[in-house]
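Peer 1: Pasting work34.pdb below, which is PDB, C-alpha atoms.
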```
ATOM      1  CA  MET Y   8      68.363 100.257 103.577
ATOM      2  CA  PHE Y   9      69.365 103.639 105.006
ATOM      3  CA  THR Y  10      66.965 105.414 107.307
ATOM      4  CA  GLU Y  11      68.355 108.629 108.658
ATOM      5  CA  PRO Y  12      67.362 109.075 112.307
ATOM      6  CA  GLU Y  13      65.513 112.322 113.011
ATOM      7  CA  LEU Y  14      67.747 113.001 115.989
ATOM      8  CA  ALA Y  15      71.400 112.099 116.275
ATOM      9  CA  GLU Y  16      72.088 109.219 118.631
ATOM     10  CA  PRO Y  17      73.215 110.464 122.089
ATOM     11  CA  TRP Y  18      76.740 109.186 121.568
ATOM     12  CA  GLU Y  19      77.211 111.140 118.347
ATOM     13  CA  PRO Y  20      77.653 114.612 119.918
ATOM     14  CA  TRP Y  21      80.063 113.058 122.417
ATOM     15  CA  VAL Y  22      82.182 111.503 119.658
ATOM     16  CA  ARG Y  23      82.129 114.749 117.691
ATOM     17  CA  ALA Y  24      83.226 116.742 120.705
ATOM     18  CA  ALA Y  25      86.171 114.425 121.372
ATOM     19  CA  ALA Y  26      89.678 115.760 120.777
ATOM     20  CA  LEU Y  27      90.398 112.756 118.529
ATOM     21  CA  HIS Y  28      87.550 113.734 116.163
ATOM     22  CA  HIS Y  29      88.940 117.271 115.813
ATOM     23  CA  PHE Y  30      92.462 115.947 115.343
ATOM     24  CA  ILE Y  31      91.294 113.650 112.519
ATOM     25  CA  ALA Y  32      89.309 116.478 110.929
ATOM     26  CA  ALA Y  33      92.465 118.606 110.894
ATOM     27  CA  ASN Y  34      95.004 115.939 109.885
ATOM     28  CA  GLY Y  35      92.938 113.168 108.293
ATOM     29  CA  ALA Y  36      93.975 114.026 104.731
ATOM     30  CA  TRP Y  37      97.451 112.607 105.171
ATOM     31  CA  LEU Y  38      96.980 110.413 108.250
ATOM     32  CA  TRP Y  39      93.968 108.520 106.895
ATOM     33  CA  PRO Y  40      95.949 106.602 104.205
ATOM     34  CA  ILE Y  41      98.674 105.789 106.751
ATOM     35  CA  PHE Y  42      96.144 104.393 109.214
ATOM     36  CA  GLN Y  43      94.491 102.407 106.443
ATOM     37  CA  ILE Y  44      97.841 100.829 105.620
ATOM     38  CA  LEU Y  45      98.368 100.011 109.307
ATOM     39  CA  HIS Y  46      94.863  98.508 109.359
ATOM     40  CA  TYR Y  47      95.826  96.259 106.433
ATOM     41  CA  PHE Y  48      99.033  95.231 108.192
ATOM     42  CA  GLY Y  49      96.881  94.205 111.151
ATOM     43  CA  LEU Y  50      94.572  92.206 108.891
ATOM     44  CA  THR Y  51      97.420  90.344 107.229
ATOM     45  CA  LEU Y  52      99.056  89.635 110.590
ATOM     46  CA  LEU Y  53      95.796  88.291 111.971
ATOM     47  CA  LEU Y  54      94.833  86.131 108.998
ATOM     48  CA  GLY Y  55      98.416  85.073 108.293
ATOM     49  CA  THR Y  56      98.908  83.675 111.783
ATOM     50  CA  VAL Y  57      95.532  82.726 113.276
ATOM     51  CA  GLY Y  58      94.261  81.715 109.835
ATOM     52  CA  LEU Y  59      97.298  79.495 109.339
ATOM     53  CA  PHE Y  60      96.732  77.864 112.731
ATOM     54  CA  ASP Y  61      93.053  77.321 111.867
ATOM     55  CA  LEU Y  62      94.012  75.673 108.576
ATOM     56  CA  ARG Y  63      96.427  73.318 110.371
ATOM     57  CA  VAL Y  64      93.693  72.304 112.836
ATOM     58  CA  LEU Y  65      91.392  71.706 109.863
ATOM     59  CA  GLY Y  66      93.969  69.309 108.416
ATOM     60  CA  VAL Y  67      96.128  71.379 106.044
ATOM     61  CA  GLY Y  68      99.908  70.848 106.387
ATOM     62  CA  LYS Y  69      99.565  68.069 108.937
ATOM     63  CA  VAL Y  70     103.324  67.563 109.087
ATOM     64  CA  VAL Y  71     103.607  70.688 111.271
ATOM     65  CA  PRO Y  72     102.652  70.210 114.955
ATOM     66  CA  PRO Y  73      99.911  72.752 115.871
ATOM     67  CA  ALA Y  74     101.904  73.837 118.952
ATOM     68  CA  THR Y  75     104.634  75.154 116.607
ATOM     69  CA  LEU Y  76     102.152  77.281 114.677
ATOM     70  CA  HIS Y  77     100.566  78.431 117.933
ATOM     71  CA  LYS Y  78     103.803  80.301 118.680
ATOM     72  CA  LEU Y  79     102.759  82.734 115.932
ATOM     73  CA  ILE Y  80      99.487  83.623 117.688
ATOM     74  CA  PRO Y  81     101.005  86.619 119.604
ATOM     75  CA  PHE Y  82     101.608  88.243 116.197
ATOM     76  CA  GLY Y  83      97.925  87.679 115.431
ATOM     77  CA  ILE Y  84      96.960  89.313 118.736
ATOM     78  CA  GLY Y  85      99.230  92.219 117.827
ATOM     79  CA  GLY Y  86      97.436  92.440 114.470
ATOM     80  CA  PHE Y  87      94.037  92.474 116.182
ATOM     81  CA  VAL Y  88      95.114  95.258 118.568
ATOM     82  CA  LEU Y  89      96.404  97.244 115.582
ATOM     83  CA  ASN Y  90      93.055  96.735 113.829
ATOM     84  CA  LEU Y  91      91.109  97.742 116.919
ATOM     85  CA  LEU Y  92      93.116 100.947 117.454
ATOM     86  CA  THR Y  93      93.008 102.002 113.804
ATOM     87  CA  GLY Y  94      89.318 100.989 113.690
ATOM     88  CA  ILE Y  95      88.557 103.310 116.630
ATOM     89  CA  TRP Y  96      90.449 106.049 114.774
ATOM     90  CA  PHE Y  97      88.277 105.559 111.669
ATOM     91  CA  PHE Y  98      85.096 105.513 113.749
ATOM     92  CA  PHE Y  99      85.961 108.769 115.507
ATOM     93  CA  GLY Y 100      86.659 110.371 112.123
ATOM     94  CA  PHE Y 101      83.275 109.667 110.535
ATOM     95  CA  PRO Y 102      81.053 107.980 113.138
ATOM     96  CA  GLU Y 103      77.779 108.107 111.202
ATOM     97  CA  GLN Y 104      79.431 106.568 108.119
ATOM     98  CA  TYR Y 105      80.181 103.474 110.162
ATOM     99  CA  PHE Y 106      77.435 103.235 112.766
ATOM    100  CA  TYR Y 107      74.539 103.274 110.279
ATOM    101  CA  ASN Y 108      76.421 101.151 107.754
ATOM    102  CA  PRO Y 109      74.940  97.614 107.396
ATOM    103  CA  SER Y 110      78.315  96.251 106.324
ATOM    104  CA  PHE Y 111      79.979  97.642 109.455
ATOM    105  CA  GLN Y 112      77.192  96.232 111.636
ATOM    106  CA  LEU Y 113      77.747  92.792 110.083
ATOM    107  CA  LEU Y 114      81.506  93.182 110.564
ATOM    108  CA  LEU Y 115      80.990  93.808 114.292
ATOM    109  CA  ALA Y 116      78.749  90.735 114.461
ATOM    110  CA  PHE Y 117      81.426  88.542 112.849
ATOM    111  CA  VAL Y 118      84.146  89.970 115.105
ATOM    112  CA  GLY Y 119      81.872  89.133 118.056
ATOM    113  CA  ILE Y 120      81.395  85.566 116.787
ATOM    114  CA  ALA Y 121      85.174  85.209 116.349
ATOM    115  CA  GLY Y 122      85.706  86.534 119.891
ATOM    116  CA  VAL Y 123      83.245  84.091 121.469
ATOM    117  CA  ASN Y 124      84.810  81.320 119.386
ATOM    118  CA  VAL Y 125      88.300  82.155 120.720
ATOM    119  CA  ALA Y 126      86.944  82.056 124.285
ATOM    120  CA  VAL Y 127      85.330  78.655 123.667
ATOM    121  CA  PHE Y 128      88.602  77.339 122.214
ATOM    122  CA  TYR Y 129      90.740  78.339 125.193
ATOM    123  CA  VAL Y 130      88.221  77.711 127.968
ATOM    124  CA  SER Y 131      87.207  74.247 126.760
ATOM    125  CA  ASP Y 132      89.600  71.305 126.465
ATOM    126  CA  ALA Y 133      89.965  71.899 122.717
ATOM    127  CA  PHE Y 134      93.128  74.006 123.094
ATOM    128  CA  HIS Y 135      94.754  71.452 125.398
ATOM    129  CA  GLU Y 136      93.960  68.607 122.975
ATOM    130  CA  VAL Y 137      95.308  70.508 119.981
ATOM    131  CA  LYS Y 138      98.461  71.666 121.776
ATOM    132  CA  LEU Y 139      99.448  68.098 122.570
ATOM    133  CA  MET Y 140      98.969  66.881 118.995
ATOM    134  CA  PRO Y 141     102.180  65.723 117.289
ATOM    135  CA  GLY Y 142     102.985  66.389 113.634
ATOM    136  CA  GLY Y 143     100.829  64.265 111.295
ATOM    137  CA  ALA Y 144      97.958  63.928 113.787
ATOM    138  CA  ASP Y 145      94.365  64.747 112.898
ATOM    139  CA  ALA Y 146      92.512  67.188 115.179
ATOM    140  CA  PRO Y 147      89.337  66.148 117.031
ATOM    141  CA  LEU Y 148      86.033  67.170 115.466
ATOM    142  CA  ARG Y 149      85.306  69.799 118.140
ATOM    143  CA  ALA Y 150      88.601  71.582 117.451
ATOM    144  CA  LYS Y 151      87.931  71.408 113.711
ATOM    145  CA  LEU Y 152      84.498  72.989 114.170
ATOM    146  CA  ILE Y 153      86.030  75.800 116.231
ATOM    147  CA  ALA Y 154      88.815  76.352 113.662
ATOM    148  CA  GLY Y 155      86.281  76.350 110.810
ATOM    149  CA  THR Y 156      84.094  78.891 112.628
ATOM    150  CA  SER Y 157      87.153  81.037 113.373
ATOM    151  CA  LEU Y 158      88.345  81.049 109.775
ATOM    152  CA  SER Y 159      84.858  81.696 108.349
ATOM    153  CA  ALA Y 160      84.143  84.527 110.821
ATOM    154  CA  ARG Y 161      87.489  86.194 110.089
ATOM    155  CA  VAL Y 162      87.082  85.962 106.327
ATOM    156  CA  ALA Y 163      83.485  87.216 106.605
ATOM    157  CA  ALA Y 164      84.660  90.158 108.765
ATOM    158  CA  LEU Y 165      87.335  90.920 106.172
ATOM    159  CA  VAL Y 166      84.768  90.910 103.354
ATOM    160  CA  CYS Y 167      82.361  93.117 105.343
ATOM    161  CA  GLY Y 168      85.215  95.510 106.135
ATOM    162  CA  ARG Y 169      86.014  95.834 102.458
ATOM    163  CA  LEU Y 170      82.328  96.391 101.617
ATOM    164  CA  ILE Y 171      81.939  99.258 104.116
ATOM    165  CA  THR Y 172      82.955 101.703 101.369
ATOM    166  CA  PHE Y 173      80.103 100.506  99.159
ATOM    167  CA  TYR Y 174      77.366 100.722 101.809
ATOM    168  CA  ARG Y 175      78.098 104.143 103.269
ATOM    169  CA  PRO Y 176      74.900 105.868 104.328
ATOM    170  CA  PRO Y 177      74.217 108.873 102.094
ATOM    171  CA  PHE Y 178      73.681 111.272 105.026
ATOM    172  CA  PHE Y 179      76.175 113.179 107.141
ATOM    173  CA  HIS Y 180      75.269 114.663 110.490
TER
ATOM    174  CA  MET W 163      96.204  54.181  80.250
ATOM    175  CA  THR W 164      93.001  52.703  81.627
ATOM    176  CA  LEU W 165      90.587  54.310  84.023
ATOM    177  CA  ARG W 166      90.674  53.060  87.590
ATOM    178  CA  HIS W 167      87.951  53.111  90.185
ATOM    179  CA  SER W 168      89.872  55.803  92.086
ATOM    180  CA  ASP W 169      89.648  58.096  89.049
ATOM    181  CA  LEU W 170      85.856  58.223  89.347
ATOM    182  CA  PRO W 171      85.644  61.262  91.711
ATOM    183  CA  TRP W 172      88.012  63.322  89.498
ATOM    184  CA  LEU W 173      86.178  62.231  86.346
ATOM    185  CA  SER W 174      82.797  63.083  87.887
ATOM    186  CA  GLY W 175      84.150  66.422  89.074
ATOM    187  CA  ALA W 176      85.487  67.231  85.601
ATOM    188  CA  ILE W 177      82.165  66.294  83.954
ATOM    189  CA  ILE W 178      80.039  68.255  86.442
ATOM    190  CA  ALA W 179      82.321  71.318  86.473
ATOM    191  CA  GLY W 180      83.353  71.386  82.807
ATOM    192  CA  GLY W 181      80.300  69.825  81.168
ATOM    193  CA  VAL W 182      77.384  71.105  83.237
ATOM    194  CA  VAL W 183      78.167  73.985  85.626
ATOM    195  CA  GLY W 184      80.686  75.705  83.313
ATOM    196  CA  PRO W 185      78.476  75.967  80.200
ATOM    197  CA  VAL W 186      75.428  76.991  82.257
ATOM    198  CA  LEU W 187      77.401  79.761  83.991
ATOM    199  CA  LEU W 188      78.848  80.799  80.609
ATOM    200  CA  LEU W 189      75.354  81.198  79.165
ATOM    201  CA  VAL W 190      74.154  83.101  82.233
ATOM    202  CA  GLY W 191      77.238  85.336  81.979
ATOM    203  CA  LEU W 192      76.718  85.944  78.243
ATOM    204  CA  THR W 193      73.209  87.291  78.868
ATOM    205  CA  ARG W 194      74.646  89.882  81.266
ATOM    206  CA  THR W 195      77.819  90.942  79.457
ATOM    207  CA  ASP W 196      78.362  92.856  76.237
ATOM    208  CA  ALA W 197      79.841  90.922  73.321
ATOM    209  CA  ALA W 198      83.244  92.688  73.331
ATOM    210  CA  THR W 199      83.912  91.971  77.007
ATOM    211  CA  ALA W 200      82.697  88.386  76.731
ATOM    212  CA  SER W 201      84.941  87.798  73.720
ATOM    213  CA  LEU W 202      87.987  89.163  75.602
ATOM    214  CA  LEU W 203      87.218  87.054  78.650
ATOM    215  CA  LEU W 204      86.841  83.945  76.493
ATOM    216  CA  THR W 205      90.282  84.645  75.020
ATOM    217  CA  LEU W 206      91.687  84.483  78.522
ATOM    218  CA  GLU W 207      90.144  81.028  79.013
ATOM    219  CA  GLY W 208      93.228  79.468  77.398
ATOM    220  CA  VAL W 209      95.559  81.349  79.745
ATOM    221  CA  ALA W 210      93.529  80.325  82.789
ATOM    222  CA  THR W 211      93.508  76.685  81.631
ATOM    223  CA  VAL W 212      97.292  76.659  81.205
ATOM    224  CA  LEU W 213      97.897  78.229  84.617
ATOM    225  CA  MET W 214      95.569  75.768  86.349
ATOM    226  CA  ALA W 215      97.167  72.821  84.510
ATOM    227  CA  TRP W 216     100.576  74.073  85.625
ATOM    228  CA  PHE W 217      99.846  74.884  89.253
ATOM    229  CA  LEU W 218      97.120  72.398  90.148
ATOM    230  CA  PHE W 219      97.940  69.381  88.000
ATOM    231  CA  HIS W 220     101.695  69.918  87.533
ATOM    232  CA  GLU W 221     101.549  69.518  83.770
ATOM    233  CA  ASN W 222     104.428  70.468  81.497
ATOM    234  CA  PHE W 223     105.120  74.142  81.065
ATOM    235  CA  ASP W 224     107.685  75.100  78.443
ATOM    236  CA  ARG W 225     108.735  78.058  76.293
ATOM    237  CA  ARG W 226     106.127  77.369  73.625
ATOM    238  CA  VAL W 227     103.355  77.552  76.233
ATOM    239  CA  VAL W 228     104.809  80.817  77.605
ATOM    240  CA  LEU W 229     104.943  82.242  74.072
ATOM    241  CA  GLY W 230     101.330  81.208  73.440
ATOM    242  CA  MET W 231     100.179  82.795  76.675
ATOM    243  CA  ALA W 232     102.139  85.981  75.929
ATOM    244  CA  CYS W 233     100.461  86.200  72.477
ATOM    245  CA  LEU W 234      97.006  85.761  74.004
ATOM    246  CA  LEU W 235      97.659  88.388  76.686
ATOM    247  CA  ALA W 236      99.138  90.813  74.135
ATOM    248  CA  GLY W 237      96.039  90.363  71.957
ATOM    249  CA  VAL W 238      93.739  91.077  74.880
ATOM    250  CA  ALA W 239      95.809  94.139  75.831
ATOM    251  CA  VAL W 240      95.584  95.536  72.290
ATOM    252  CA  LEU W 241      91.846  94.854  71.965
ATOM    253  CA  SER W 242      90.983  96.266  75.373
ATOM    254  CA  TRP W 243      93.017  99.457  74.833
ATOM    255  CA  SER W 244      90.574 102.284  75.418
ATOM    256  CA  GLY W 245      92.614 105.037  73.832
ATOM    257  CA  GLN W 246      92.657 106.836  77.174
ATOM    258  CA  PRO W 247      95.754 107.010  79.382
ATOM    259  CA  THR W 248      95.612 103.910  81.558
ATOM    260  CA  LEU W 249      98.065 102.371  84.011
ATOM    261  CA  SER W 250      99.492 105.855  84.488
ATOM    262  CA  ASP W 251     100.068 105.594  88.239
ATOM    263  CA  PRO W 252     103.789 104.932  88.887
ATOM    264  CA  LEU W 253     102.893 103.377  92.222
ATOM    265  CA  PHE W 254     101.182 100.528  90.374
ATOM    266  CA  TYR W 255     104.488  99.638  88.716
ATOM    267  CA  VAL W 256     106.311  99.837  92.056
ATOM    268  CA  ARG W 257     103.744  97.456  93.480
ATOM    269  CA  MET W 258     104.031  94.981  90.607
ATOM    270  CA  LEU W 259     107.822  95.142  90.836
ATOM    271  CA  LEU W 260     107.613  94.279  94.530
ATOM    272  CA  VAL W 261     105.204  91.396  93.790
ATOM    273  CA  ALA W 262     107.674  90.049  91.200
ATOM    274  CA  LEU W 263     110.555  90.419  93.660
ATOM    275  CA  ALA W 264     108.574  88.663  96.406
ATOM    276  CA  ILE W 265     107.758  85.751  94.074
ATOM    277  CA  TYR W 266     111.444  85.547  93.101
ATOM    278  CA  LEU W 267     112.350  85.396  96.814
ATOM    279  CA  VAL W 268     109.838  82.587  97.412
ATOM    280  CA  VAL W 269     111.424  80.598  94.571
ATOM    281  CA  LYS W 270     114.887  81.330  96.030
ATOM    282  CA  ILE W 271     113.796  80.096  99.461
ATOM    283  CA  ARG W 272     112.382  76.926  97.919
ATOM    284  CA  THR W 273     115.412  76.133  95.784
ATOM    285  CA  GLU W 274     118.252  77.347  97.979
ATOM    286  CA  VAL W 275     117.025  76.654 101.485
ATOM    287  CA  LEU W 276     114.227  74.100 101.616
ATOM    288  CA  ARG W 277     115.624  71.663  99.046
ATOM    289  CA  MET W 278     119.277  71.928 100.025
ATOM    290  CA  PRO W 279     120.771  69.054 102.024
ATOM    291  CA  GLN W 280     121.744  70.630 105.308
ATOM    292  CA  GLY W 281     124.886  68.530 105.806
ATOM    293  CA  ASP W 282     126.355  67.418 109.068
ATOM    294  CA  LYS W 283     128.660  70.333 109.685
ATOM    295  CA  PRO W 284     127.190  72.876 112.110
ATOM    296  CA  ALA W 285     128.884  75.693 110.159
ATOM    297  CA  ALA W 286     127.038  74.693 106.957
ATOM    298  CA  LYS W 287     123.720  74.557 108.810
ATOM    299  CA  THR W 288     124.302  77.970 110.350
ATOM    300  CA  ALA W 289     125.163  79.458 106.954
ATOM    301  CA  ILE W 290     121.963  78.068 105.392
ATOM    302  CA  TRP W 291     119.802  79.342 108.228
ATOM    303  CA  ARG W 292     121.406  82.775 108.101
ATOM    304  CA  ARG W 293     120.657  82.925 104.371
ATOM    305  CA  ALA W 294     117.109  81.693 105.000
ATOM    306  CA  LYS W 295     116.539  84.466 107.540
ATOM    307  CA  ILE W 296     117.818  87.135 105.160
ATOM    308  CA  LEU W 297     115.581  85.859 102.331
ATOM    309  CA  ALA W 298     112.565  85.591 104.657
ATOM    310  CA  GLY W 299     113.164  89.120 105.968
ATOM    311  CA  LEU W 300     113.394  90.494 102.439
ATOM    312  CA  SER W 301     110.230  88.604 101.481
ATOM    313  CA  LEU W 302     108.331  90.095 104.448
ATOM    314  CA  ALA W 303     109.589  93.572 103.563
ATOM    315  CA  CYS W 304     108.430  93.082  99.952
ATOM    316  CA  TRP W 305     104.934  92.003 100.950
ATOM    317  CA  MET W 306     104.645  94.931 103.378
ATOM    318  CA  GLY W 307     105.664  97.172 100.479
ATOM    319  CA  VAL W 308     103.007  95.527  98.300
ATOM    320  CA  ILE W 309     100.312  96.242 100.914
ATOM    321  CA  THR W 310     101.501  99.828 101.387
ATOM    322  CA  ALA W 311     101.624 100.543  97.655
ATOM    323  CA  GLY W 312      98.313  98.749  97.067
ATOM    324  CA  ARG W 313      96.491 100.743  99.732
ATOM    325  CA  PHE W 314      98.071 104.020  98.618
ATOM    326  CA  LEU W 315      96.934 103.404  95.039
ATOM    327  CA  ALA W 316      93.365 104.257  96.048
ATOM    328  CA  TYR W 317      94.600 107.742  97.010
ATOM    329  CA  THR W 318      97.283 108.447  94.432
ATOM    330  CA  HIS W 319      94.765 107.577  91.701
ATOM    331  CA  THR W 320      92.749 110.648  92.771
ATOM    332  CA  TRP W 321      95.733 112.799  93.737
ATOM    333  CA  LEU W 322      97.271 112.369  90.293
ATOM    334  CA  ARG W 323      94.059 113.473  88.600
ATOM    335  CA  VAL W 324      92.857 116.337  90.798
ATOM    336  CA  GLY W 325      95.851 117.133  93.015
ATOM    337  CA  LEU W 326      96.475 116.776  96.715
ATOM    338  CA  PRO W 327      93.561 117.366  99.097
ATOM    339  CA  ALA W 328      93.478 120.320 101.487
ATOM    340  CA  GLY W 329      95.469 119.711 104.623
ATOM    341  CA  PHE W 330      98.625 118.467 102.957
TER
END
```
Taking this structure as input, can you express it in the form of structure tokens?
Peer 2:
Amino acid sequence: MFTEPELAEPWEPWVRAAALHHFIAANGAWLWPIFQILHYFGLTLLLGTVGLFDLRVLGVGKVVPPATLHKLIPFGIGGFVLNLLTGIWFFFGFPEQYFYNPSFQLLLAFVGIAGVNVAVFYVSDAFHEVKLMPGGADAPLRAKLIAGTSLSARVAALVCGRLITFYRPPFFH
Amino acid sequence: MTLRHSDLPWLSGAIIAGGVVGPVLLLVGLTRTDAATASLLLTLEGVATVLMAWFLFHENFDRRVVLGMACLLAGVAVLSWSGQPTLSDPLFYVRMLLVALAIYLVVKIRTEVLRMPQGDKPAAKTAIWRRAKILAGLSLACWMGVITAGRFLAYTHTWLRVGLPAGF
């Protein structure tokens, strides 16, 4: 599963020379847990808002109009930004432990799928159709497929993120 | 009580899950688990059944059931005691306390806010909503505390055993 490259990838020396990498090396012992907690806050914000909206589109809690739940989406975006920033922090700390990690690679793939899915939702008519739905209404099949993909990709990314610890490559550069 | 046609999906589900899938998975699990662990897990089957009956099927839940569950859990705790210090991280207790408090707040919100007739007087409505906001804020704070304590547990577990890492 883990094949150590003979030469470090060209980006590795650049990451290791960055001020952020040195800062983490000097202060990571106490900052790492704090950033992990912030990362979890981001996850809960994202799943607790976007996930809730996805569930409504899929037909759970139909009494609530989707437009009402959509007002929570900015909190989800805030959660994603928090995850992205803390994720960059982690990556700069131990780049090889993430880059060569199959679980991290899968996580990036699922985040990519979720991103494309979001674009499809807002660019197509699906968002407009869902926004106009009153309480009690059933979403069109297209919107349900998008919501199902969104929820699955987010949960899969969450699982892969948790599994990163168990698939760390044994080598350090 | 006679069976109706509409009961067929539930009946089929119960037969497939409880009569076919469950026993097969049990046998597969038994081949991979040692006898002591399997026996402890089987003891918890009763607890799991009661909780599912309570939450999923809204069956009666009274003091006798609570007492029975407490006896089962106490038995499992005694049998699984390793003799080594366990549950020694104080943060774990903080976390569980916060979980209990958060659950209590959810119950409070359900009973005091969601089920209360709001009345016609604007003052009464305002008072209920103010209370709802306070309870919701406390609930959010509790869950954030649960996440913080839960994530920190991974570190304090090591810190308590071998001390703080360099850099602190």
Peer 1: Output the residue selection produced by the ChimeraX specification (/W :<12) & /Y on the file above, formatted as a PyMOL selection string.
Peer 2: chain Y and resi 30-52+55+169+172
Peer 1: If you keep C-alpha atoms, can you produce a file of those selected residues as an mmCIF file, in the coordinates of the input?
Peer 2:
```cif
data_model
loop_
_atom_site.group_PDB
_atom_site.id
_atom_site.type_symbol
_atom_site.label_atom_id
_atom_site.label_comp_id
_atom_site.auth_asym_id
_atom_site.auth_seq_id
_atom_site.Cartn_x
_atom_site.Cartn_y
_atom_site.Cartn_z
ATOM 1 C CA PHE Y 30 92.462 115.947 115.343
ATOM 2 C CA ILE Y 31 91.294 113.650 112.519
ATOM 3 C CA ALA Y 32 89.309 116.478 110.929
ATOM 4 C CA ALA Y 33 92.465 118.606 110.894
ATOM 5 C CA ASN Y 34 95.004 115.939 109.885
ATOM 6 C CA GLY Y 35 92.938 113.168 108.293
ATOM 7 C CA ALA Y 36 93.975 114.026 104.731
ATOM 8 C CA TRP Y 37 97.451 112.607 105.171
ATOM 9 C CA LEU Y 38 96.980 110.413 108.250
ATOM 10 C CA TRP Y 39 93.968 108.520 106.895
ATOM 11 C CA PRO Y 40 95.949 106.602 104.205
ATOM 12 C CA ILE Y 41 98.674 105.789 106.751
ATOM 13 C CA PHE Y 42 96.144 104.393 109.214
ATOM 14 C CA GLN Y 43 94.491 102.407 106.443
ATOM 15 C CA ILE Y 44 97.841 100.829 105.620
ATOM 16 C CA LEU Y 45 98.368 100.011 109.307
ATOM 17 C CA HIS Y 46 94.863 98.508 109.359
ATOM 18 C CA TYR Y 47 95.826 96.259 106.433
ATOM 19 C CA PHE Y 48 99.033 95.231 108.192
ATOM 20 C CA GLY Y 49 96.881 94.205 111.151
ATOM 21 C CA LEU Y 50 94.572 92.206 108.891
ATOM 22 C CA THR Y 51 97.420 90.344 107.229
ATOM 23 C CA LEU Y 52 99.056 89.635 110.590
ATOM 24 C CA GLY Y 55 98.416 85.073 108.293
ATOM 25 C CA ARG Y 169 86.014 95.834 102.458
ATOM 26 C CA THR Y 172 82.955 101.703 101.369
#
```
Peer 1: Using the chain letters and residue numbers of this document, give as a PyMOL selection string the residues selected by the PyMOL selection byres ((chain Y and resi 124) around 12).
Peer 2: chain Y and resi 61+117-123+125-131+133-134+149-161
Peer 1: Could you list as a PyMOL selection string every residue that has an atom within 12 Å of (79.9, 94.0, 109.5), using the file's coordinates and counting only C-alpha atoms?
Peer 2: chain Y and resi 105-120+160-172+174
Peer 1: Determine the residue set returned by the PyMOL selection byres ((chain Y and resi 59) around 10) for the present structure, and present it as a PDB file with C-alpha atoms, in the coordinates of the input.
Peer 2:
```pdb
ATOM      1  CA  LEU Y  53      95.796  88.291 111.971  1.00  0.00           C
ATOM      2  CA  LEU Y  54      94.833  86.131 108.998  1.00  0.00           C
ATOM      3  CA  GLY Y  55      98.416  85.073 108.293  1.00  0.00           C
ATOM      4  CA  THR Y  56      98.908  83.675 111.783  1.00  0.00           C
ATOM      5  CA  VAL Y  57      95.532  82.726 113.276  1.00  0.00           C
ATOM      6  CA  GLY Y  58      94.261  81.715 109.835  1.00  0.00           C
ATOM      7  CA  PHE Y  60      96.732  77.864 112.731  1.00  0.00           C
ATOM      8  CA  ASP Y  61      93.053  77.321 111.867  1.00  0.00           C
ATOM      9  CA  LEU Y  62      94.012  75.673 108.576  1.00  0.00           C
ATOM     10  CA  ARG Y  63      96.427  73.318 110.371  1.00  0.00           C
ATOM     11  CA  VAL Y  64      93.693  72.304 112.836  1.00  0.00           C
ATOM     12  CA  LEU Y  65      91.392  71.706 109.863  1.00  0.00           C
ATOM     13  CA  VAL Y  67      96.128  71.379 106.044  1.00  0.00           C
ATOM     14  CA  GLY Y  68      99.908  70.848 106.387  1.00  0.00           C
ATOM     15  CA  PRO Y  73      99.911  72.752 115.871  1.00  0.00           C
ATOM     16  CA  LEU Y  76     102.152  77.281 114.677  1.00  0.00           C
ATOM     17  CA  HIS Y  77     100.566  78.431 117.933  1.00  0.00           C
ATOM     18  CA  LEU Y  79     102.759  82.734 115.932  1.00  0.00           C
ATOM     19  CA  ILE Y  80      99.487  83.623 117.688  1.00  0.00           C
ATOM     20  CA  LEU Y 158      88.345  81.049 109.775  1.00  0.00           C
TER      21      LEU Y 158
END
```
Peer 1: Quick check, in Å to one decimal: how far apart do CA of Val238 in chain W and CA of Val256 in chain W lie?
Peer 2: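 Result for CA of Val238 in chain W versus CA of Val256 in chain W: 23.0 Å, one decimal.
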Peer 1: If you measure from CA of Val212 in chain W to CA of Ala176 in chain W, what distance in Å do you get, rounded to one decimal?
Peer 2: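 Interatomic distance, CA of Val212 in chain W to CA of Ala176 in chain W: 15.7 Å.
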Peer 1: Any idea what the distance is between CA of Thr75 in chain Y and CA of Ala146 in chain Y?
Peer 2: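 Taking CA of Thr75 in chain Y and CA of Ala146 in chain Y, their separation equals 14.6 Å.
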Peer 1: List as a list of chain:residue names the residues having at least one atom at most 7 Å from position (90.3, 110.6, 114.8) as given in the file, counting all atoms listed in the file.
Peer 2: Y:Leu27, Y:His28, Y:His29, Y:Phe30, Y:Ile31, Y:Trp96, Y:Phe97, Y:Phe99, Y:Gly100
Peer 1: Work out where the centre of an axis-aligned box around every listed atom of range 229-247 of chain W lies and how long its edges are once 4 Å is added on each side; give both in Å to one decimal as AutoDock Vina command-line options.
Peer 2:
```
--center_x 97.8 --center_y 94.1 --center_z 75.7 --size_x 22.4 --size_y 33.8 --size_z 15.4
```
